[in-house]
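Just structure-v8.cif here, mmCIF, C-alpha atoms and all ligand atoms:
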```cif
data_upload
loop_
_atom_site.label_atom_id
_atom_site.label_comp_id
_atom_site.auth_asym_id
_atom_site.auth_seq_id
_atom_site.Cartn_x
_atom_site.Cartn_y
_atom_site.Cartn_z
CA MET A 1 16.97 -19.49 21.55
CA VAL A 2 15.89 -18.53 18.05
CA THR A 3 18.29 -18.97 15.17
CA LYS A 4 19.43 -15.47 14.18
CA LYS A 5 17.08 -13.98 11.57
CA LYS A 6 17.91 -10.61 10.13
CA ASN A 7 15.70 -8.10 8.36
CA ILE A 8 12.55 -10.11 8.66
CA ARG A 9 9.23 -8.48 9.36
CA ILE A 10 6.26 -10.59 10.37
CA VAL A 11 2.67 -9.95 11.37
CA VAL A 12 1.25 -12.23 14.07
CA LYS A 13 -2.50 -12.37 14.49
CA ILE A 14 -3.78 -13.86 17.72
CA GLY A 15 -7.44 -14.88 17.73
CA SER A 16 -9.87 -14.51 20.62
CA ASN A 17 -10.06 -18.29 20.99
CA VAL A 18 -6.32 -18.46 21.67
CA LEU A 19 -6.54 -15.86 24.42
CA THR A 20 -9.64 -17.09 26.22
CA ARG A 21 -10.20 -20.04 28.52
CA LYS A 22 -13.16 -22.41 28.19
CA ASP A 23 -15.16 -20.27 30.64
CA GLY A 24 -14.60 -17.20 28.44
CA THR A 25 -12.12 -15.44 30.74
CA LEU A 26 -8.83 -14.04 29.49
CA ASP A 27 -6.02 -16.61 29.50
CA VAL A 28 -3.19 -14.45 30.82
CA THR A 29 -0.83 -17.44 31.04
CA ARG A 30 -1.20 -17.96 27.29
CA MET A 31 -0.72 -14.25 26.64
CA SER A 32 2.40 -14.30 28.73
CA ALA A 33 3.86 -17.29 26.84
CA LEU A 34 3.18 -15.61 23.49
CA VAL A 35 4.73 -12.32 24.61
CA ASP A 36 7.84 -14.24 25.81
CA GLN A 37 8.18 -15.72 22.33
CA ILE A 38 7.60 -12.41 20.55
CA VAL A 39 10.30 -10.78 22.66
CA GLU A 40 12.66 -13.64 21.83
CA LEU A 41 11.93 -13.25 18.12
CA LYS A 42 12.58 -9.54 18.39
CA LYS A 43 15.92 -10.18 20.06
CA SER A 44 16.92 -12.35 17.13
CA GLY A 45 16.26 -9.51 14.68
CA VAL A 46 12.67 -10.23 13.63
CA GLU A 47 10.35 -7.21 13.53
CA VAL A 48 6.95 -8.20 14.90
CA VAL A 49 3.62 -6.46 14.40
CA LEU A 50 0.91 -7.94 16.57
CA VAL A 51 -2.78 -8.00 15.68
CA SER A 52 -4.62 -9.12 18.77
CA SER A 53 -8.29 -9.91 19.26
CA GLY A 54 -9.74 -10.61 22.65
CA ALA A 55 -11.22 -7.26 23.70
CA VAL A 56 -14.85 -8.30 23.50
CA ALA A 57 -14.15 -11.63 25.18
CA ALA A 58 -12.13 -9.92 27.93
CA GLY A 59 -14.86 -7.36 28.59
CA LYS A 60 -17.70 -9.87 28.93
CA SER A 61 -16.50 -11.24 32.23
CA GLU A 62 -16.08 -7.76 33.74
CA ILE A 63 -19.64 -6.56 33.89
CA LYS A 64 -23.22 -7.71 34.42
CA THR A 65 -25.59 -5.38 32.57
CA GLN A 66 -28.88 -4.22 34.14
CA SER A 67 -30.87 -5.14 31.05
CA LYS A 68 -30.34 -7.25 27.96
CA LEU A 69 -28.39 -5.29 25.35
CA ASP A 70 -28.67 -5.55 21.59
CA ILE A 71 -25.71 -7.07 19.70
CA ILE A 72 -24.15 -3.75 18.71
CA SER A 73 -24.41 -2.11 22.12
CA SER A 74 -23.03 -5.17 23.90
CA ARG A 75 -20.08 -5.36 21.49
CA GLN A 76 -19.39 -1.66 22.08
CA LEU A 77 -19.65 -1.97 25.83
CA TYR A 78 -17.59 -5.17 26.19
CA SER A 79 -14.86 -4.00 23.82
CA ALA A 80 -14.57 -0.59 25.50
CA ILE A 81 -14.00 -2.33 28.84
CA GLY A 82 -12.09 -5.32 27.50
CA GLN A 83 -9.60 -3.40 25.36
CA VAL A 84 -8.31 -1.58 28.45
CA LYS A 85 -7.87 -4.89 30.22
CA LEU A 86 -6.23 -6.55 27.22
CA ILE A 87 -3.71 -3.80 26.55
CA ASN A 88 -2.98 -3.43 30.25
CA HIS A 89 -1.91 -7.08 30.36
CA TYR A 90 0.18 -6.66 27.21
CA TYR A 91 1.84 -3.57 28.66
CA THR A 92 2.80 -5.43 31.85
CA LEU A 93 3.97 -8.55 30.01
CA PHE A 94 6.20 -6.62 27.58
CA HIS A 95 7.40 -4.38 30.40
CA GLN A 96 8.65 -7.44 32.33
CA HIS A 97 11.11 -7.94 29.46
CA LYS A 98 11.95 -4.22 29.45
CA SER A 99 10.27 -4.09 26.09
CA VAL A 100 7.78 -1.44 24.97
CA CYS A 101 4.49 -1.97 23.17
CA GLY A 102 1.93 0.51 21.85
CA GLN A 103 -1.70 0.32 20.89
CA ILE A 104 -3.34 1.13 17.56
CA LEU A 105 -7.10 0.84 17.25
CA ALA A 106 -8.21 0.83 13.64
CA THR A 107 -11.48 1.16 11.80
CA LYS A 108 -12.02 0.07 8.23
CA GLU A 109 -12.40 3.71 7.25
CA ASP A 110 -8.82 4.39 8.32
CA PHE A 111 -7.74 2.42 5.26
CA SER A 112 -10.21 3.98 2.82
CA THR A 113 -8.09 6.70 1.29
CA ARG A 114 -4.44 6.49 0.37
CA ARG A 115 -3.68 9.35 2.77
CA HIS A 116 -5.32 7.61 5.75
CA TYR A 117 -3.57 4.41 4.76
CA LEU A 118 -0.16 6.07 4.66
CA ASN A 119 -0.82 7.71 8.04
CA GLN A 120 -1.42 4.30 9.57
CA ARG A 121 1.66 2.89 7.91
CA ASN A 122 3.79 5.76 9.09
CA CYS A 123 2.59 5.27 12.66
CA MET A 124 3.55 1.58 12.64
CA GLU A 125 6.88 2.26 10.90
CA VAL A 126 7.90 4.83 13.50
CA MET A 127 6.99 2.38 16.27
CA LEU A 128 9.07 -0.40 14.70
CA ASP A 129 11.99 1.98 14.09
CA ASN A 130 11.97 2.66 17.82
CA ASN A 131 11.74 -1.00 18.75
CA VAL A 132 8.14 -0.66 19.97
CA THR A 133 5.79 -3.56 19.23
CA PRO A 134 2.58 -2.27 17.61
CA ILE A 135 -0.49 -4.06 19.00
CA ILE A 136 -3.41 -3.54 16.66
CA ASN A 137 -7.06 -4.30 17.16
CA GLU A 138 -10.20 -3.13 15.50
CA ASN A 139 -11.78 -0.17 17.26
CA ASP A 140 -14.82 -2.28 18.11
CA ALA A 141 -16.36 0.43 20.28
CA ILE A 142 -16.98 2.72 17.33
CA SER A 143 -16.85 0.53 14.23
CA VAL A 144 -20.26 -0.89 13.65
CA ASN A 145 -22.03 -2.36 10.62
CA GLU A 146 -20.56 -1.23 7.30
CA LEU A 147 -17.54 0.32 9.03
CA MET A 148 -16.54 -3.06 10.45
CA PHE A 149 -13.90 -5.48 9.26
CA THR A 150 -15.27 -8.96 8.66
CA ASP A 151 -12.98 -9.94 11.53
CA ASN A 152 -9.40 -9.43 12.68
CA ASP A 153 -8.18 -11.90 10.04
CA GLU A 154 -9.14 -9.32 7.43
CA LEU A 155 -7.40 -6.59 9.42
CA SER A 156 -4.24 -8.69 9.76
CA GLY A 157 -4.14 -9.31 5.99
CA LEU A 158 -4.35 -5.59 5.39
CA VAL A 159 -1.63 -4.86 7.91
CA ALA A 160 0.67 -7.56 6.47
CA ALA A 161 0.29 -6.09 2.98
CA MET A 162 0.59 -2.51 4.19
CA MET A 163 3.75 -3.16 6.21
CA ASN A 164 5.42 -5.16 3.43
CA SER A 165 5.91 -8.05 5.80
CA GLN A 166 7.44 -11.32 4.64
CA GLN A 167 5.09 -13.48 6.64
CA LEU A 168 1.63 -13.44 8.21
CA ILE A 169 1.08 -15.94 11.02
CA ILE A 170 -2.57 -16.45 11.94
CA LEU A 171 -2.85 -18.16 15.32
CA SER A 172 -6.10 -19.96 15.95
CA ASN A 173 -7.13 -22.78 18.29
CA ILE A 174 -6.69 -25.55 15.70
CA ASN A 175 -3.59 -26.78 13.92
CA GLY A 176 -4.46 -25.41 10.48
CA ILE A 177 -6.85 -26.20 7.63
CA TYR A 178 -7.96 -29.83 7.67
CA ASN A 179 -8.95 -31.98 4.70
CA GLY A 180 -12.20 -32.84 6.51
CA ASN A 181 -13.92 -32.17 9.78
CA PRO A 182 -11.14 -31.23 12.26
CA SER A 183 -12.73 -33.34 14.99
CA SER A 184 -12.80 -36.47 12.85
CA PRO A 185 -9.78 -38.80 13.39
CA GLU A 186 -9.39 -39.39 9.62
CA SER A 187 -8.87 -35.70 8.90
CA GLU A 188 -5.37 -34.37 8.43
CA VAL A 189 -3.92 -30.90 8.33
CA ILE A 190 -3.17 -29.72 4.79
CA LYS A 191 0.52 -28.88 4.99
CA GLU A 192 0.86 -26.64 1.98
CA ILE A 193 -1.52 -24.77 -0.28
CA ASP A 194 -0.54 -23.48 -3.68
CA THR A 195 -3.29 -20.96 -4.44
CA HIS A 196 -2.82 -21.36 -8.18
CA LYS A 197 -3.18 -25.13 -8.20
CA ASP A 198 -5.10 -26.28 -5.15
CA CYS A 199 -8.80 -25.78 -4.77
CA ILE A 200 -9.76 -26.73 -1.24
CA ASP A 201 -13.09 -24.92 -0.99
CA ASP A 202 -14.92 -28.18 -0.21
CA TYR A 203 -12.76 -28.83 2.84
CA ILE A 204 -13.37 -25.51 4.55
CA GLN A 205 -15.55 -25.76 7.62
CA THR A 206 -18.10 -22.97 7.67
CA SER A 207 -18.63 -23.06 11.44
CA LYS A 208 -17.44 -19.97 13.33
CA SER A 209 -15.32 -19.76 16.43
CA SER A 210 -17.19 -19.22 19.67
CA ALA A 211 -15.19 -16.32 21.07
CA GLY A 212 -14.31 -14.28 17.96
CA ARG A 213 -16.09 -13.26 14.78
CA GLY A 214 -13.91 -15.09 12.26
CA GLY A 215 -14.10 -18.61 10.91
CA MET A 216 -11.95 -20.81 8.68
CA GLN A 217 -13.66 -19.48 5.56
CA THR A 218 -12.45 -15.90 6.10
CA LYS A 219 -9.02 -17.13 7.19
CA TYR A 220 -8.76 -19.09 3.94
CA ASN A 221 -9.95 -16.17 1.77
CA ILE A 222 -7.56 -13.73 3.41
CA ALA A 223 -4.65 -16.19 3.36
CA ARG A 224 -5.13 -16.78 -0.39
CA LYS A 225 -5.25 -13.10 -1.15
CA VAL A 226 -2.19 -12.26 0.94
CA ALA A 227 -0.18 -15.19 -0.52
CA GLU A 228 -1.05 -13.91 -4.00
CA GLU A 229 0.61 -10.65 -3.05
CA GLY A 230 3.83 -12.51 -2.38
CA ILE A 231 3.54 -12.90 1.41
CA GLU A 232 3.86 -16.31 3.05
CA VAL A 233 0.85 -17.12 5.24
CA ILE A 234 0.82 -19.65 8.09
CA ILE A 235 -2.26 -20.83 9.95
CA ALA A 236 -1.18 -22.53 13.17
CA ASN A 237 -2.33 -23.41 16.67
CA GLY A 238 -1.68 -20.57 19.11
CA LYS A 239 -2.54 -22.81 22.07
CA LYS A 240 0.53 -25.00 21.39
CA GLU A 241 3.51 -24.34 23.63
CA ASN A 242 6.34 -22.52 21.89
CA ILE A 243 4.46 -22.26 18.61
CA LEU A 244 6.10 -19.07 17.30
CA ILE A 245 9.62 -20.26 18.05
CA ASP A 246 8.96 -23.71 16.59
CA LEU A 247 7.54 -22.21 13.41
CA ILE A 248 10.85 -20.44 12.86
CA ASN A 249 13.33 -22.94 14.31
CA SER A 250 11.86 -26.38 13.72
CA PRO A 251 8.81 -26.21 11.44
CA GLN A 252 9.22 -29.87 10.53
CA SER A 253 8.32 -30.84 14.12
CA ILE A 254 4.83 -29.27 14.14
CA GLU A 255 1.57 -29.30 12.20
CA PHE A 256 0.36 -26.15 10.43
CA THR A 257 -0.90 -24.97 7.06
CA ARG A 258 1.38 -22.90 4.86
CA PHE A 259 0.22 -20.88 1.87
CA ILE A 260 3.01 -20.70 -0.67
CA PRO A 261 3.68 -17.06 -1.53
CA VAL A 262 3.30 -16.29 -5.21
CA ASN A 263 6.61 -15.28 -6.63
CA LYS A 264 5.75 -11.81 -7.83
CA LYS A 265 6.47 -8.27 -6.79
CA VAL A 266 3.34 -6.29 -5.99
CA SER A 267 3.83 -2.55 -5.48
CA SER A 268 2.65 -0.93 -2.28
CA VAL A 269 -0.07 1.01 -4.14
CA LYS A 270 -1.38 -2.19 -5.75
CA LYS A 271 -1.48 -3.90 -2.34
CA TRP A 272 -3.56 -1.04 -0.98
CA ILE A 273 -5.92 -1.33 -3.94
CA ALA A 274 -6.14 -5.12 -3.53
CA HIS A 275 -7.43 -4.66 0.01
CA SER A 276 -9.77 -1.78 -0.83
CA GLU A 277 -12.52 -3.84 -2.39
CA GLY A 278 -14.88 -2.98 0.45
CA PHE A 279 -14.76 0.67 -0.62
CA ALA A 280 -15.64 0.04 -4.27
CA LYS A 281 -18.19 2.56 -5.52
CA GLY A 282 -19.00 0.99 -8.87
CA GLU A 283 -18.31 -1.62 -11.52
CA ILE A 284 -16.74 -1.39 -14.93
CA TYR A 285 -17.62 -4.23 -17.32
CA ILE A 286 -15.15 -5.04 -20.05
CA ASN A 287 -15.23 -7.13 -23.24
CA LYS A 288 -13.50 -10.46 -23.83
CA CYS A 289 -10.54 -8.95 -25.64
CA ALA A 290 -9.83 -6.51 -22.79
CA SER A 291 -10.25 -9.32 -20.20
CA GLU A 292 -7.69 -11.46 -21.99
CA ALA A 293 -5.26 -8.56 -22.22
CA LEU A 294 -5.57 -7.73 -18.51
CA LEU A 295 -5.18 -11.36 -17.47
CA GLY A 296 -2.07 -11.76 -19.64
CA ASP A 297 1.50 -11.19 -18.52
CA LYS A 298 1.99 -7.72 -19.98
CA ALA A 299 1.64 -4.50 -17.96
CA ILE A 300 -1.59 -3.15 -19.41
CA SER A 301 -3.89 -0.30 -18.42
CA LEU A 302 -7.65 -0.43 -18.87
CA LEU A 303 -8.62 1.66 -21.92
CA PRO A 304 -12.12 2.96 -22.73
CA ILE A 305 -12.18 0.90 -25.93
CA GLY A 306 -12.54 -2.32 -23.91
CA ILE A 307 -15.41 -1.08 -21.69
CA THR A 308 -18.96 -2.28 -22.34
CA LYS A 309 -20.92 -1.05 -19.32
CA VAL A 310 -20.54 1.13 -16.21
CA VAL A 311 -22.57 0.48 -13.06
CA GLY A 312 -22.80 2.77 -10.02
CA ASP A 313 -22.00 6.35 -9.27
CA PHE A 314 -18.34 7.06 -8.66
CA GLU A 315 -15.99 10.01 -8.60
CA GLU A 316 -12.51 10.40 -10.06
CA ASP A 317 -10.00 8.40 -7.92
CA ASP A 318 -12.70 6.16 -6.42
CA ILE A 319 -12.12 2.42 -6.20
CA VAL A 320 -14.08 0.35 -8.74
CA ARG A 321 -14.46 -3.33 -9.52
CA ILE A 322 -13.47 -4.61 -12.96
CA MET A 323 -15.89 -7.23 -14.23
CA SER A 324 -15.85 -9.59 -17.19
CA GLU A 325 -18.84 -9.82 -19.56
CA ASP A 326 -20.25 -12.76 -17.60
CA GLY A 327 -20.10 -10.85 -14.31
CA THR A 328 -16.94 -12.43 -12.85
CA GLN A 329 -14.81 -10.01 -10.88
CA LEU A 330 -11.37 -9.73 -12.52
CA GLY A 331 -9.82 -7.11 -10.33
CA ILE A 332 -9.98 -3.74 -8.62
CA GLY A 333 -8.65 -0.36 -9.61
CA LYS A 334 -8.65 3.37 -9.03
CA SER A 335 -10.61 5.18 -11.72
CA SER A 336 -9.13 8.21 -13.48
CA TYR A 337 -12.61 9.47 -14.38
CA ASN A 338 -15.97 9.75 -12.66
CA SER A 339 -18.74 7.37 -13.74
CA GLU A 340 -20.45 9.92 -15.98
CA LYS A 341 -17.27 10.65 -17.94
CA THR A 342 -16.41 6.94 -18.13
CA ILE A 343 -19.80 6.25 -19.75
CA GLN A 344 -19.16 9.01 -22.30
CA LEU A 345 -15.79 7.51 -23.16
CA ILE A 346 -17.01 3.92 -23.72
CA GLY A 347 -15.52 2.54 -26.94
CA LYS A 348 -13.37 5.65 -27.59
CA LYS A 349 -9.80 5.36 -28.87
CA LYS A 350 -6.73 7.48 -28.11
CA VAL A 351 -7.79 8.74 -24.68
CA LYS A 352 -6.03 8.32 -21.37
CA PRO A 353 -6.71 4.98 -19.62
CA VAL A 354 -9.71 4.69 -17.32
CA ILE A 355 -7.51 2.73 -14.91
CA HIS A 356 -3.77 3.10 -15.20
CA TYR A 357 -1.68 -0.08 -14.76
CA ASP A 358 -0.09 1.33 -11.57
CA TYR A 359 -3.54 1.57 -9.97
CA LEU A 360 -4.87 -1.75 -11.19
CA TYR A 361 -4.88 -5.01 -9.26
CA ILE A 362 -5.84 -8.09 -11.25
CA GLU A 363 -6.81 -11.19 -9.28
CA LYS A 364 -5.16 -14.18 -10.89
N1 LIG A 401 -11.81 -7.18 17.56
C1 LIG A 401 -12.52 -8.20 18.26
C2 LIG A 401 -12.00 -8.30 19.69
O1 LIG A 401 -10.94 -7.89 20.00
C3 LIG A 401 -12.39 -9.56 17.65
C4 LIG A 401 -12.72 -9.64 16.18
C5 LIG A 401 -12.51 -11.08 15.67
O2 LIG A 401 -13.06 -11.98 16.27
O3 LIG A 401 -11.78 -11.28 14.72
O4 LIG A 401 -12.66 -8.81 20.53
#
```

Will you turn the file into structure tokens for me?
Amino acid sequence: MVTKKKNIRIVVKIGSNVLTRKDGTLDVTRMSALVDQIVELKKSGVEVVLVSSGAVAAGKSEIKTQSKLDIISSRQLYSAIGQVKLINHYYTLFHQHKSVCGQILATKEDFSTRRHYLNQRNCMEVMLDNNVTPIINENDAISVNELMFTDNDELSGLVAAMMNSQQLIILSNINGIYNGNPSSPESEVIKEIDTHKDCIDDYIQTSKSSAGRGGMQTKYNIARKVAEEGIEVIIANGKKENILIDLINSPQSIEFTRFIPVNKKVSSVKKWIAHSEGFAKGEIYINKCASEALLGDKAISLLPIGITKVVGDFEEDDIVRIMSEDGTQLGIGKSSYNSEKTIQLIGKKKVKPVIHYDYLYIEK
């Protein structure tokens, strides 16, 4: 039984490696155990949004192709077959508890404009309001190349921010982030990471998982970003029995890595902007004085007087990167002018901001 938790919303991301056996087939026993736990969490008042990988892995074992396919075609084929299988299992497993789930397949483009973004959010909100568990995966069959998420870790970070969740739990097949090679006996799981103080870049293993696309590097990058938006992030082992219940009821009894959420309120618009970097159409370079002002504690908009250079071709309302003089990215924002007009305004005083504070996300 889970200790009663009220008004908590969490996003749980389950990686392909959690859901597949060594031989690459779908581990339905594991799926079943995780669904049991999700249903139990729901009964205790926790709202759960599920981001589940596993489509490509599930599809691979279903078909032998006549000829060797290229990477894109095989991903499209396997995911088209595997997603049906994956969601079918989820449907049956939730149904056994008389609980309803629904599927959302997303592409990166679905998050590109504020309108698309709000449509997605509305869809998930209405599902949660009706006690339906949203199960989200990337639409691998149609999202290829530049339309792709780096992996489902990136998608889960976006969903956690979009849904204003209190926690993002990323389930992988290891216990968390280690301070060395996870297979070495001297290595230990880093229990807590304070993104402002701890720099653990050297510890991150760059090797990728065998079944999914992600690796520890993207998990770490996403976890940092999401924690900076005030959401607690947990990286834990989804292959451990009872992991979701233990994380809530007895966290002291298990190993995992926790990213301390930064204690700040980030508006929903700023969260959208923070995750829109992939859609940036240009760069705005600013001088030292403007950099210092933006990095300070005051609510400041970016004025033309602080701009030194504009790179790229963008329209009004496009997402742009804000860069310091030395080329370091300071943040992301929505531009009030197109690139041509911004260039004309460089150095001008008493004009409306190029990026208003409400549409500005500074990474610090
Ligand atoms: N969406 C992919 C799948 O379901 C997995 C992507 C990832 O590995 O993160 O198979």

- Message: Could you check the closest approach to Asn287 (chain A) for each of A:Ile81, A:Ile190, A:Ile305, A:Leu345 and tell me which residue wins, using all atoms listed in the file?
- Response: A:Ile305

With 12 Å as the cut-off and only C-alpha atoms counted, what is the closest atom pair between each nearby residue of region 217-327 of chain A and region 115-119 of chain A? Distances in Å to one decimal, ordered by chain and number, as a Markdown table.
```
| residue | atom | partner | partner_atom | distance |
| --- | --- | --- | --- | --- |
| A:Ser268 | CA | A:Leu118 | CA | 10.2 |
| A:Val269 | CA | A:Tyr117 | CA | 10.1 |
| A:Lys271 | CA | A:Tyr117 | CA | 11.1 |
| A:Trp272 | CA | A:Tyr117 | CA | 7.9 |
| A:Ile273 | CA | A:Tyr117 | CA | 10.7 |
| A:His275 | CA | A:Tyr117 | CA | 10.9 |
| A:Ser276 | CA | A:Tyr117 | CA | 10.4 |
```

- Message: Neighbouring residues of ligand LIG 401 (chain A) are defined here as those with any atom at most 10 Å from a ligand atom, counting only C-alpha atoms and all ligand atoms; list them as a PyMOL selection string.
- Response: chain A and resi 13-17+51-60+75-76+78-80+82-83+86+105-106+136-141+143+148-156+208-215+218-219

- For Ser291 (chain A), please output as a list in words all residues within 10 Å (counting all atoms listed in the file; exclusion window: fewer than 6 positions along the same chain).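 After dropping sequence-adjacent residues, the list is Tyr285, Leu302, Gly306, Ile307, Ile322, Met323, Ser324, Glu325 and Leu330 of chain A.
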
- Within 7 Å of Ile169 (chain A) using all atoms listed in the file, minus same-chain residues under 5 positions, as a list in words: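 With the cut-off at 7 Å, the set is Val11, Val12, Lys13, Val233, Ile234 and Ile235 of chain A.
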
- Residues at most 9 Å from Ala33 (chain A), counting all atoms listed in the file, excluding those fewer than 5 positions away in the same chain, as JSON, numbers by chain? {"A": [28, 38, 241, 242]}

- Mind pulling up the distance from CA of Lys309 (chain A) to CA of Gly327 (chain A)?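 Result for CA of Gly327 (chain A) versus CA of Lys309 (chain A): 11.0 Å, one decimal.
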
- Item | Nearest to Asn181 (chain A) by atom-to-atom distance, counting only C-alpha atoms, from A:Val49, A:Met127, A:Met216, A:Glu315 | A:Met216

- Query: Can you list, as a ChimeraX atom specification, every protein, DNA or RNA residue that comes within 9 Å of Leu34 (chain A) when you count all atoms listed in the file, leaving out same-chain residues fewer than 2 positions away?
  - Reply: /A:29-32,36-39,238,241-244

- If I put a ball of radius 10 Å at (-8.9, -26.0, 8.8) in the file's coordinates, which residues poke into it when counting all atoms listed in the file, written as a ChimeraX atom specification? /A:172,174-182,187-190,203-206,215-217,219-220,235-236,256-257

- Rank A:Asn164, A:Asp326, A:Val132, A:Asp70 by their smallest atom-to-atom distance to Tyr91 (chain A), using only C-alpha atoms, and report the top residue only.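 Distance minimum relative to Tyr91 (chain A) lands on A:Val132.
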
- Item | Protein, DNA and RNA residues within 10 Å of (-8.7, 5.7, -8.1), all atoms listed in the file, as a PyMOL selection string | chain A and resi 113-114+273+280+314-320+332-338+354-356+359-360

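Closest approach to Lys281 (chain A) from the set A:Asn130, A:Val266, A:Val311, A:Ile300 is made by A:Val311, with distances taken over only C-alpha atoms.
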
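Minimum atom-to-atom distances from A:Lys225, A:Lys85, A:His95, A:Lys240 to Val18 (chain A) were compared using all atoms listed in the file, and the lowest value belongs to A:Lys240.
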
- Item | Spatial neighbours of Ile193 (chain A), 9 Å, only C-alpha atoms, chain gap at least 2 places, as a PyMOL selection string | chain A and resi 190-191+195-200+224+257-260

Write a file of the just-selected residues containing C-alpha atoms, as an mmCIF file, keeping the file's coordinate frame.
```
data_model
loop_
_atom_site.group_PDB
_atom_site.id
_atom_site.type_symbol
_atom_site.label_atom_id
_atom_site.label_comp_id
_atom_site.auth_asym_id
_atom_site.auth_seq_id
_atom_site.Cartn_x
_atom_site.Cartn_y
_atom_site.Cartn_z
ATOM 1 C CA ILE A 190 -3.170 -29.720 4.790
ATOM 2 C CA LYS A 191 0.520 -28.880 4.990
ATOM 3 C CA THR A 195 -3.290 -20.960 -4.440
ATOM 4 C CA HIS A 196 -2.820 -21.360 -8.180
ATOM 5 C CA LYS A 197 -3.180 -25.130 -8.200
ATOM 6 C CA ASP A 198 -5.100 -26.280 -5.150
ATOM 7 C CA CYS A 199 -8.800 -25.780 -4.770
ATOM 8 C CA ILE A 200 -9.760 -26.730 -1.240
ATOM 9 C CA ARG A 224 -5.130 -16.780 -0.390
ATOM 10 C CA THR A 257 -0.900 -24.970 7.060
ATOM 11 C CA ARG A 258 1.380 -22.900 4.860
ATOM 12 C CA PHE A 259 0.220 -20.880 1.870
ATOM 13 C CA ILE A 260 3.010 -20.700 -0.670
#
```

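CA of Ile87 (chain A) sits 27.7 Å away from CA of Ile231 (chain A).
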
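Pairwise distance (CA of Ser339 (chain A), CA of Asp313 (chain A)) equals 5.6 Å.
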
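Nearest residue to Gln329 (chain A) among A:Arg9, A:Lys341, A:Lys364, A:Lys352 is A:Lys364, counting only C-alpha atoms.
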